[in-house]
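Enquirer: Sharing model-v4.cif below, mmCIF, N, CA and C atoms:
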```cif
data_final
loop_
_atom_site.label_atom_id
_atom_site.label_comp_id
_atom_site.auth_asym_id
_atom_site.auth_seq_id
_atom_site.Cartn_x
_atom_site.Cartn_y
_atom_site.Cartn_z
N MET W 1 39.77 56.05 88.39
CA MET W 1 40.62 57.20 88.68
C MET W 1 41.98 56.75 89.19
N ASP W 2 42.03 55.67 90.01
CA ASP W 2 43.30 55.22 90.56
C ASP W 2 44.28 54.84 89.44
N GLU W 3 43.78 54.13 88.45
CA GLU W 3 44.64 53.73 87.33
C GLU W 3 45.12 54.94 86.56
N HIS W 4 44.26 55.92 86.38
CA HIS W 4 44.66 57.16 85.70
C HIS W 4 45.79 57.84 86.48
N LEU W 5 45.69 57.87 87.80
CA LEU W 5 46.72 58.51 88.62
C LEU W 5 48.05 57.76 88.54
N THR W 6 48.00 56.43 88.62
CA THR W 6 49.24 55.68 88.53
C THR W 6 49.87 55.82 87.16
N ASP W 7 49.05 55.89 86.11
CA ASP W 7 49.58 56.11 84.76
C ASP W 7 50.15 57.53 84.62
N LEU W 8 49.43 58.51 85.17
CA LEU W 8 49.83 59.90 85.04
C LEU W 8 51.18 60.16 85.71
N PHE W 9 51.41 59.54 86.85
CA PHE W 9 52.65 59.77 87.59
C PHE W 9 53.65 58.62 87.44
N GLU W 10 53.45 57.76 86.46
CA GLU W 10 54.29 56.59 86.23
C GLU W 10 55.78 56.93 86.09
N PRO W 11 56.17 58.03 85.44
CA PRO W 11 57.61 58.34 85.35
C PRO W 11 58.29 58.53 86.70
N LEU W 12 57.53 58.81 87.76
CA LEU W 12 58.12 59.01 89.09
C LEU W 12 58.50 57.69 89.75
N GLY W 13 57.79 56.65 89.40
CA GLY W 13 57.95 55.35 90.05
C GLY W 13 56.59 54.85 90.49
N PRO W 14 56.58 53.80 91.29
CA PRO W 14 55.30 53.21 91.71
C PRO W 14 54.58 54.06 92.76
N VAL W 15 53.57 54.79 92.33
CA VAL W 15 52.79 55.60 93.27
C VAL W 15 51.69 54.74 93.87
N VAL W 16 51.27 55.11 95.06
CA VAL W 16 50.20 54.42 95.77
C VAL W 16 49.07 55.42 95.97
N VAL W 17 47.86 54.99 95.69
CA VAL W 17 46.68 55.85 95.86
C VAL W 17 45.87 55.29 97.03
N LYS W 18 45.60 56.15 98.02
CA LYS W 18 44.84 55.74 99.21
C LYS W 18 43.64 56.65 99.40
N ARG W 19 42.51 56.04 99.78
CA ARG W 19 41.31 56.82 100.09
C ARG W 19 41.52 57.55 101.41
N MET W 20 41.05 58.79 101.46
CA MET W 20 41.16 59.57 102.70
C MET W 20 40.22 60.76 102.67
N PHE W 21 39.54 61.01 103.76
CA PHE W 21 38.71 62.21 103.95
C PHE W 21 37.81 62.54 102.77
N GLY W 22 37.18 61.57 102.18
CA GLY W 22 36.29 61.82 101.06
C GLY W 22 37.00 62.03 99.74
N GLY W 23 38.29 61.89 99.72
CA GLY W 23 39.08 62.03 98.50
C GLY W 23 40.13 60.95 98.47
N LYS W 24 41.26 61.27 97.86
CA LYS W 24 42.35 60.32 97.77
C LYS W 24 43.67 61.04 97.97
N GLY W 25 44.64 60.31 98.50
CA GLY W 25 46.00 60.80 98.62
C GLY W 25 46.87 60.01 97.67
N VAL W 26 47.86 60.67 97.09
CA VAL W 26 48.79 60.00 96.18
C VAL W 26 50.17 60.04 96.83
N TRP W 27 50.79 58.88 96.98
CA TRP W 27 52.02 58.71 97.73
C TRP W 27 53.12 58.14 96.85
N LEU W 28 54.34 58.55 97.13
CA LEU W 28 55.53 57.96 96.52
C LEU W 28 56.58 57.85 97.61
N ASP W 29 57.12 56.67 97.79
CA ASP W 29 58.16 56.43 98.81
C ASP W 29 57.75 56.95 100.19
N GLY W 30 56.50 56.72 100.57
CA GLY W 30 56.03 57.12 101.88
C GLY W 30 55.72 58.59 102.04
N MET W 31 55.73 59.34 100.95
CA MET W 31 55.45 60.79 101.00
C MET W 31 54.19 61.10 100.21
N MET W 32 53.23 61.73 100.88
CA MET W 32 52.03 62.15 100.16
C MET W 32 52.33 63.47 99.46
N PHE W 33 52.25 63.47 98.14
CA PHE W 33 52.56 64.67 97.37
C PHE W 33 51.35 65.22 96.63
N ALA W 34 50.25 64.48 96.63
CA ALA W 34 49.06 64.94 95.90
C ALA W 34 47.79 64.52 96.62
N LEU W 35 46.75 65.34 96.43
CA LEU W 35 45.39 65.06 96.90
C LEU W 35 44.49 65.04 95.67
N VAL W 36 43.45 64.25 95.74
CA VAL W 36 42.46 64.25 94.67
C VAL W 36 41.09 64.39 95.32
N PHE W 37 40.37 65.42 94.93
CA PHE W 37 39.00 65.61 95.38
C PHE W 37 38.15 65.87 94.16
N GLY W 38 37.08 65.08 94.02
CA GLY W 38 36.29 65.16 92.80
C GLY W 38 37.17 64.73 91.64
N GLU W 39 37.23 65.55 90.64
CA GLU W 39 38.06 65.26 89.47
C GLU W 39 39.35 66.08 89.46
N THR W 40 39.62 66.81 90.54
CA THR W 40 40.76 67.71 90.56
C THR W 40 41.94 67.10 91.32
N ILE W 41 43.11 67.18 90.71
CA ILE W 41 44.35 66.72 91.32
C ILE W 41 45.06 67.95 91.87
N TYR W 42 45.44 67.89 93.15
CA TYR W 42 46.15 68.98 93.81
C TYR W 42 47.53 68.49 94.22
N LEU W 43 48.55 69.31 94.01
CA LEU W 43 49.92 68.97 94.36
C LEU W 43 50.40 69.84 95.52
N LYS W 44 51.25 69.26 96.35
CA LYS W 44 51.82 69.96 97.51
C LYS W 44 52.65 71.16 97.05
N VAL W 45 52.48 72.29 97.72
CA VAL W 45 53.29 73.49 97.45
C VAL W 45 53.90 73.98 98.75
N ASP W 46 54.90 74.83 98.61
CA ASP W 46 55.49 75.53 99.75
C ASP W 46 55.85 76.93 99.29
N ASP W 47 56.55 77.66 100.13
CA ASP W 47 56.90 79.04 99.78
C ASP W 47 57.73 79.13 98.51
N GLN W 48 58.53 78.11 98.23
CA GLN W 48 59.39 78.14 97.04
C GLN W 48 58.65 77.80 95.75
N THR W 49 57.52 77.10 95.84
CA THR W 49 56.83 76.67 94.61
C THR W 49 55.47 77.32 94.38
N ARG W 50 54.92 77.95 95.40
CA ARG W 50 53.57 78.51 95.30
C ARG W 50 53.41 79.45 94.10
N GLU W 51 54.35 80.37 93.92
CA GLU W 51 54.24 81.33 92.81
C GLU W 51 54.32 80.66 91.44
N THR W 52 55.10 79.59 91.34
CA THR W 52 55.19 78.85 90.08
C THR W 52 53.84 78.25 89.72
N PHE W 53 53.16 77.68 90.71
CA PHE W 53 51.84 77.11 90.47
C PHE W 53 50.82 78.21 90.14
N LEU W 54 50.87 79.31 90.86
CA LEU W 54 49.96 80.42 90.56
C LEU W 54 50.16 80.95 89.14
N ALA W 55 51.42 81.09 88.73
CA ALA W 55 51.72 81.60 87.38
C ALA W 55 51.18 80.66 86.30
N ALA W 56 51.05 79.37 86.63
CA ALA W 56 50.54 78.39 85.67
C ALA W 56 49.02 78.29 85.70
N GLY W 57 48.38 79.13 86.53
CA GLY W 57 46.92 79.14 86.60
C GLY W 57 46.33 78.16 87.59
N SER W 58 47.15 77.60 88.46
CA SER W 58 46.65 76.64 89.46
C SER W 58 45.83 77.36 90.53
N GLU W 59 44.91 76.60 91.10
CA GLU W 59 44.04 77.11 92.15
C GLU W 59 44.36 76.39 93.46
N PRO W 60 44.26 77.06 94.60
CA PRO W 60 44.51 76.39 95.88
C PRO W 60 43.39 75.43 96.24
N PHE W 61 43.73 74.45 97.05
CA PHE W 61 42.73 73.53 97.59
C PHE W 61 42.08 74.23 98.78
N VAL W 62 40.81 74.50 98.66
CA VAL W 62 40.05 75.20 99.69
C VAL W 62 38.86 74.31 100.07
N TYR W 63 38.58 74.25 101.35
CA TYR W 63 37.45 73.45 101.81
C TYR W 63 36.72 74.20 102.92
N HIS W 64 35.53 73.73 103.23
CA HIS W 64 34.71 74.37 104.27
C HIS W 64 34.88 73.61 105.57
N GLN W 65 35.29 74.31 106.62
CA GLN W 65 35.38 73.73 107.97
C GLN W 65 34.01 73.88 108.62
N ARG W 66 33.33 72.78 108.80
CA ARG W 66 31.98 72.83 109.35
C ARG W 66 31.97 73.30 110.80
N LYS W 67 32.92 72.80 111.61
CA LYS W 67 32.94 73.17 113.03
C LYS W 67 33.07 74.67 113.23
N ARG W 68 33.93 75.29 112.44
CA ARG W 68 34.17 76.73 112.59
C ARG W 68 33.38 77.56 111.58
N ASP W 69 32.69 76.88 110.67
CA ASP W 69 31.90 77.53 109.63
C ASP W 69 32.71 78.60 108.89
N ARG W 70 33.83 78.14 108.32
CA ARG W 70 34.66 79.06 107.56
C ARG W 70 35.42 78.28 106.48
N GLN W 71 35.97 79.01 105.54
CA GLN W 71 36.79 78.41 104.49
C GLN W 71 38.21 78.24 105.01
N ALA W 72 38.85 77.16 104.63
CA ALA W 72 40.24 76.91 105.01
C ALA W 72 40.97 76.37 103.79
N ALA W 73 42.27 76.48 103.80
CA ALA W 73 43.08 76.00 102.68
C ALA W 73 44.20 75.12 103.19
N LEU W 74 44.59 74.18 102.37
CA LEU W 74 45.76 73.35 102.63
C LEU W 74 46.82 73.75 101.61
N PRO W 75 48.10 73.45 101.89
CA PRO W 75 49.16 73.85 100.96
C PRO W 75 49.25 72.92 99.74
N TYR W 76 48.15 72.86 99.01
CA TYR W 76 48.07 72.07 97.78
C TYR W 76 47.42 72.94 96.72
N PHE W 77 47.96 72.89 95.50
CA PHE W 77 47.40 73.64 94.37
C PHE W 77 47.09 72.68 93.24
N SER W 78 46.11 73.02 92.42
CA SER W 78 45.69 72.14 91.34
C SER W 78 46.81 71.92 90.33
N LEU W 79 46.84 70.72 89.79
CA LEU W 79 47.78 70.39 88.72
C LEU W 79 47.44 71.28 87.53
N PRO W 80 48.41 72.01 86.98
CA PRO W 80 48.10 72.89 85.84
C PRO W 80 47.42 72.13 84.70
N GLU W 81 46.51 72.79 84.05
CA GLU W 81 45.70 72.15 83.00
C GLU W 81 46.54 71.48 81.93
N GLU W 82 47.62 72.13 81.50
CA GLU W 82 48.45 71.57 80.42
C GLU W 82 49.17 70.28 80.84
N ALA W 83 49.18 69.97 82.14
CA ALA W 83 49.88 68.79 82.63
C ALA W 83 48.94 67.64 82.97
N GLN W 84 47.65 67.81 82.79
CA GLN W 84 46.69 66.83 83.27
C GLN W 84 46.58 65.57 82.43
N ASP W 85 47.02 65.60 81.21
CA ASP W 85 46.86 64.43 80.35
C ASP W 85 48.16 63.76 79.97
N GLY W 86 49.30 64.36 80.33
CA GLY W 86 50.57 63.79 79.91
C GLY W 86 51.46 63.42 81.07
N PRO W 87 51.88 62.16 81.16
CA PRO W 87 52.73 61.71 82.26
C PRO W 87 54.04 62.49 82.39
N VAL W 88 54.64 62.88 81.30
CA VAL W 88 55.92 63.58 81.39
C VAL W 88 55.72 64.94 82.06
N GLU W 89 54.74 65.70 81.59
CA GLU W 89 54.50 67.03 82.16
C GLU W 89 53.92 66.93 83.57
N ALA W 90 53.00 65.99 83.80
CA ALA W 90 52.43 65.83 85.15
C ALA W 90 53.52 65.47 86.15
N SER W 91 54.43 64.61 85.75
CA SER W 91 55.51 64.20 86.66
C SER W 91 56.49 65.33 86.92
N ARG W 92 56.68 66.20 85.94
CA ARG W 92 57.54 67.36 86.16
C ARG W 92 56.96 68.23 87.29
N TRP W 93 55.67 68.45 87.27
CA TRP W 93 55.02 69.23 88.32
C TRP W 93 55.02 68.46 89.64
N ALA W 94 54.80 67.15 89.57
CA ALA W 94 54.80 66.34 90.79
C ALA W 94 56.17 66.35 91.46
N ARG W 95 57.23 66.44 90.69
CA ARG W 95 58.58 66.53 91.29
C ARG W 95 58.71 67.80 92.13
N LEU W 96 58.10 68.89 91.68
CA LEU W 96 58.09 70.11 92.49
C LEU W 96 57.38 69.86 93.82
N ALA W 97 56.28 69.10 93.75
CA ALA W 97 55.53 68.79 94.96
C ALA W 97 56.35 67.90 95.90
N LEU W 98 57.04 66.92 95.34
CA LEU W 98 57.87 66.04 96.16
C LEU W 98 59.00 66.82 96.82
N GLU W 99 59.58 67.76 96.10
CA GLU W 99 60.62 68.61 96.69
C GLU W 99 60.06 69.43 97.84
N ALA W 100 58.83 69.93 97.68
CA ALA W 100 58.18 70.69 98.76
C ALA W 100 57.96 69.81 99.98
N VAL W 101 57.56 68.56 99.76
CA VAL W 101 57.37 67.63 100.88
C VAL W 101 58.70 67.43 101.60
N LEU W 102 59.76 67.21 100.85
CA LEU W 102 61.07 66.99 101.46
C LEU W 102 61.56 68.21 102.23
N ARG W 103 61.33 69.40 101.68
CA ARG W 103 61.72 70.61 102.40
C ARG W 103 60.94 70.74 103.70
N GLY W 104 59.69 70.33 103.69
CA GLY W 104 58.87 70.39 104.89
C GLY W 104 59.32 69.43 105.97
N LYS W 105 59.99 68.36 105.57
CA LYS W 105 60.50 67.38 106.53
C LYS W 105 61.88 67.74 107.06
N ALA W 106 62.56 68.66 106.41
CA ALA W 106 63.91 69.03 106.84
C ALA W 106 63.85 69.73 108.19
N PRO W 107 64.84 69.49 109.05
CA PRO W 107 64.85 70.16 110.35
C PRO W 107 64.94 71.67 110.17
N LYS W 108 64.22 72.38 110.99
CA LYS W 108 64.22 73.84 110.92
C LYS W 108 65.53 74.38 111.49
N LYS W 109 66.14 75.30 110.78
CA LYS W 109 67.39 75.89 111.23
C LYS W 109 67.13 76.87 112.36
N GLY W 110 68.04 76.89 113.32
CA GLY W 110 67.97 77.87 114.39
C GLY W 110 67.07 77.49 115.53
N LYS W 111 66.34 76.39 115.43
CA LYS W 111 65.49 75.99 116.54
C LYS W 111 66.28 75.12 117.49
N ALA W 112 66.26 75.47 118.76
CA ALA W 112 66.96 74.67 119.77
C ALA W 112 66.13 73.44 120.09
N ARG W 113 66.80 72.32 120.20
CA ARG W 113 66.13 71.09 120.57
C ARG W 113 65.79 71.15 122.06
N ALA W 114 64.60 70.73 122.38
CA ALA W 114 64.19 70.72 123.79
C ALA W 114 65.07 69.74 124.56
N ASP W 115 65.41 70.09 125.78
CA ASP W 115 66.21 69.20 126.61
C ASP W 115 65.32 68.02 127.01
N ILE W 116 65.72 66.84 126.55
CA ILE W 116 64.91 65.66 126.84
C ILE W 116 65.53 64.82 127.95
N GLY W 117 66.55 65.34 128.59
CA GLY W 117 67.14 64.66 129.72
C GLY W 117 68.22 63.68 129.31
N PRO W 118 68.81 63.03 130.31
CA PRO W 118 69.90 62.10 130.03
C PRO W 118 69.39 60.87 129.29
N GLY W 119 70.30 60.26 128.55
CA GLY W 119 69.96 59.06 127.81
C GLY W 119 71.20 58.27 127.45
N PRO W 120 71.05 57.25 126.67
CA PRO W 120 72.18 56.40 126.32
C PRO W 120 73.26 57.13 125.53
N TRP W 121 72.90 58.26 124.91
CA TRP W 121 73.86 59.05 124.14
C TRP W 121 74.84 59.80 125.04
N ASP W 122 74.57 59.84 126.34
CA ASP W 122 75.42 60.58 127.27
C ASP W 122 76.63 59.77 127.76
N GLY W 123 76.76 58.54 127.31
CA GLY W 123 77.95 57.75 127.65
C GLY W 123 77.81 57.06 128.88
#
```
Would you put the structure from the file into structure tokens?

Expert:
Amino acid sequence: MDEHLTDLFEPLGPVVVKRMFGGKGVWLDGMMFALVFGETIYLKVDDQTRETFLAAGSEPFVYHQRKRDRQAALPYFSLPEEAQDGPVEASRWARLALEAVLRGKAPKKGKARADIGPGPWDG
């Protein structure tokens, strides 16, 4: 499966596949943009991309929280079926996921930074 993932996302650059939580994470330039559980590849979504994935027939990543005995979801949606076998199309969708990751890392507008006290920046 790891080789399939690196081939599938090859147009993006050198992706790294790491085992995690019973599945795998797919990383590019230090950013995890995809999860793999079983045979399903899930890509990161946000408010700007969620509807695009839904319109393509993607399903959310849902798992069972044993401690709370309930279903929970992460902001990842399945790679659309038409993109699962072709690196060009898969990478097009993965770019949307990478953009969502980057937007999630951007500082939130309007939030005041907590006062952390004096420091070397104070002159």

Enquirer: Using only C-alpha atoms, find the one residue out of W:Gly25, W:Pro80, W:Gly30, W:Gly104 that sits nearest to Arg92 in chain W.

Expert: W:Pro80

Enquirer: List the neighbours of range 51-65 of chain W out to 10 Å using only C-alpha atoms; skip same-chain residues closer than 4 positions along the sequence, and give me the result as a list of chain:residue names.

Expert: W:Leu35, W:Val36, W:Phe37, W:Thr40, W:Ile41, W:Tyr42, W:Leu43, W:Lys44, W:Val45, W:Asp46, W:Asp47, W:Asp69, W:Arg70, W:Gln71, W:Ala72, W:Ala73, W:Leu74, W:Pro75, W:Tyr76, W:Phe77, W:Ser78, W:Leu79, W:Pro80, W:Glu81, W:Glu82, W:Trp93, W:Leu96

Enquirer: For the atom pair atom C of Ala106 in chain W and atom C of Glu10 in chain W, what is the interatomic distance in Å to one decimal place?

Expert: 26.8 Å

Enquirer: From the list W:Pro14, W:Asp7, W:Glu89, W:Phe33, which residue is nearest Val101 in chain W when using only N, CA and C atoms?

Expert: W:Phe33

Enquirer: From the DSSP assignment of the backbone, select every residue of chain W that is alpha helix (DSSP H), and format the answer as an MDAnalysis selection string.

Expert: chainID W and resid 2:8 50:55 87:105

Enquirer: Compare W:Ala83, W:Met1, W:Ala94, W:Val88 by their minimum atom-to-atom distance to Leu28 in chain W, counting only C-alpha atoms, and give me the closest one.

Expert: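 Counting only C-alpha atoms, the residue closest to Leu28 in chain W is W:Ala94.
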
Enquirer: In terms of the shortest atom-to-atom distance over only N, CA and C atoms, which of W:Arg66, W:Glu3, W:Lys24, W:Lys105 is closest to Gly38 in chain W?

Expert: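 Comparing W:Arg66, W:Glu3, W:Lys24, W:Lys105 against Gly38 in chain W, the winner is W:Lys24.
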
Enquirer: Just the number, please: distance in Å from atom N of Ala90 in chain W to atom N of Pro107 in chain W, one decimal.

Expert: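 Separation between atom N of Ala90 in chain W and atom N of Pro107 in chain W: 28.1 Å.
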
Enquirer: Which value, in Å to one decimal, gives the distance between CA of His4 in chain W and CA of Arg103 in chain W?

Expert: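 So the answer is 27.4 Å.
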
Enquirer: Which one of W:Gln48, W:Leu5, W:Arg68, W:Gly13 sits closest to Ala34 in chain W if you count only C-alpha atoms?

Expert: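 The closest residue to Ala34 in chain W is W:Leu5.
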
Enquirer: Output as an mmCIF file, in the coordinates of the input: range 45-56 of chain W, completed with all heavy atoms.

Expert:
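The result, stored in result-v7.cif:
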```cif
data_model
loop_
_atom_site.group_PDB
_atom_site.id
_atom_site.type_symbol
_atom_site.label_atom_id
_atom_site.label_comp_id
_atom_site.auth_asym_id
_atom_site.auth_seq_id
_atom_site.Cartn_x
_atom_site.Cartn_y
_atom_site.Cartn_z
ATOM 1 N N VAL W 45 52.480 72.290 97.720
ATOM 2 C CA VAL W 45 53.290 73.490 97.450
ATOM 3 C C VAL W 45 53.900 73.980 98.750
ATOM 4 O O VAL W 45 53.484 73.596 99.838
ATOM 5 C CB VAL W 45 52.450 74.624 96.799
ATOM 6 C CG1 VAL W 45 51.840 74.196 95.482
ATOM 7 C CG2 VAL W 45 51.390 75.131 97.758
ATOM 8 N N ASP W 46 54.900 74.830 98.610
ATOM 9 C CA ASP W 46 55.490 75.530 99.750
ATOM 10 C C ASP W 46 55.850 76.930 99.290
ATOM 11 O O ASP W 46 55.493 77.340 98.181
ATOM 12 C CB ASP W 46 56.679 74.748 100.340
ATOM 13 C CG ASP W 46 57.862 74.609 99.401
ATOM 14 O OD1 ASP W 46 57.845 75.153 98.268
ATOM 15 O OD2 ASP W 46 58.848 73.953 99.795
ATOM 16 N N ASP W 47 56.550 77.660 100.130
ATOM 17 C CA ASP W 47 56.900 79.040 99.780
ATOM 18 C C ASP W 47 57.730 79.130 98.510
ATOM 19 O O ASP W 47 57.657 80.119 97.788
ATOM 20 C CB ASP W 47 57.633 79.715 100.936
ATOM 21 C CG ASP W 47 56.725 79.963 102.135
ATOM 22 O OD1 ASP W 47 55.484 79.941 101.964
ATOM 23 O OD2 ASP W 47 57.253 80.170 103.238
ATOM 24 N N GLN W 48 58.530 78.110 98.230
ATOM 25 C CA GLN W 48 59.390 78.140 97.040
ATOM 26 C C GLN W 48 58.650 77.800 95.750
ATOM 27 O O GLN W 48 59.113 78.152 94.672
ATOM 28 C CB GLN W 48 60.566 77.193 97.219
ATOM 29 C CG GLN W 48 61.538 77.652 98.275
ATOM 30 C CD GLN W 48 62.756 76.757 98.340
ATOM 31 O OE1 GLN W 48 63.199 76.202 97.356
ATOM 32 N NE2 GLN W 48 63.303 76.621 99.534
ATOM 33 N N THR W 49 57.520 77.100 95.840
ATOM 34 C CA THR W 49 56.830 76.670 94.610
ATOM 35 C C THR W 49 55.470 77.320 94.380
ATOM 36 O O THR W 49 54.925 77.243 93.288
ATOM 37 C CB THR W 49 56.646 75.139 94.621
ATOM 38 O OG1 THR W 49 55.904 74.767 95.796
ATOM 39 C CG2 THR W 49 57.981 74.417 94.599
ATOM 40 N N ARG W 50 54.920 77.950 95.400
ATOM 41 C CA ARG W 50 53.570 78.510 95.300
ATOM 42 C C ARG W 50 53.410 79.450 94.100
ATOM 43 O O ARG W 50 52.457 79.350 93.323
ATOM 44 C CB ARG W 50 53.209 79.236 96.600
ATOM 45 C CG ARG W 50 51.777 79.745 96.655
ATOM 46 C CD ARG W 50 51.444 80.304 98.030
ATOM 47 N NE ARG W 50 51.312 79.212 98.996
ATOM 48 C CZ ARG W 50 52.217 78.907 99.938
ATOM 49 N NH1 ARG W 50 53.306 79.641 100.078
ATOM 50 N NH2 ARG W 50 52.022 77.894 100.763
ATOM 51 N N GLU W 51 54.350 80.370 93.920
ATOM 52 C CA GLU W 51 54.240 81.330 92.810
ATOM 53 C C GLU W 51 54.320 80.660 91.440
ATOM 54 O O GLU W 51 53.662 81.100 90.498
ATOM 55 C CB GLU W 51 55.326 82.406 92.942
ATOM 56 C CG GLU W 51 55.113 83.351 94.114
ATOM 57 C CD GLU W 51 53.773 84.088 94.069
ATOM 58 O OE1 GLU W 51 53.360 84.529 92.973
ATOM 59 O OE2 GLU W 51 53.144 84.213 95.138
ATOM 60 N N THR W 52 55.100 79.590 91.340
ATOM 61 C CA THR W 52 55.190 78.850 90.080
ATOM 62 C C THR W 52 53.840 78.250 89.720
ATOM 63 O O THR W 52 53.402 78.318 88.570
ATOM 64 C CB THR W 52 56.262 77.736 90.179
ATOM 65 O OG1 THR W 52 57.511 78.345 90.529
ATOM 66 C CG2 THR W 52 56.403 76.977 88.881
ATOM 67 N N PHE W 53 53.160 77.680 90.710
ATOM 68 C CA PHE W 53 51.840 77.110 90.470
ATOM 69 C C PHE W 53 50.820 78.210 90.140
ATOM 70 O O PHE W 53 50.009 78.040 89.223
ATOM 71 C CB PHE W 53 51.379 76.295 91.689
ATOM 72 C CG PHE W 53 51.940 74.903 91.723
ATOM 73 C CD1 PHE W 53 53.202 74.659 92.236
ATOM 74 C CD2 PHE W 53 51.210 73.832 91.237
ATOM 75 C CE1 PHE W 53 53.735 73.376 92.267
ATOM 76 C CE2 PHE W 53 51.723 72.542 91.262
ATOM 77 C CZ PHE W 53 52.987 72.311 91.779
ATOM 78 N N LEU W 54 50.870 79.310 90.860
ATOM 79 C CA LEU W 54 49.960 80.420 90.560
ATOM 80 C C LEU W 54 50.160 80.950 89.140
ATOM 81 O O LEU W 54 49.185 81.220 88.433
ATOM 82 C CB LEU W 54 50.142 81.550 91.579
ATOM 83 C CG LEU W 54 49.545 81.311 92.956
ATOM 84 C CD1 LEU W 54 50.006 82.388 93.933
ATOM 85 C CD2 LEU W 54 48.034 81.256 92.884
ATOM 86 N N ALA W 55 51.420 81.090 88.730
ATOM 87 C CA ALA W 55 51.720 81.600 87.380
ATOM 88 C C ALA W 55 51.180 80.660 86.300
ATOM 89 O O ALA W 55 50.872 81.094 85.197
ATOM 90 C CB ALA W 55 53.219 81.798 87.226
ATOM 91 N N ALA W 56 51.050 79.370 86.630
ATOM 92 C CA ALA W 56 50.540 78.390 85.670
ATOM 93 C C ALA W 56 49.020 78.290 85.700
ATOM 94 O O ALA W 56 48.427 77.477 84.993
ATOM 95 C CB ALA W 56 51.157 77.026 85.937
#
```
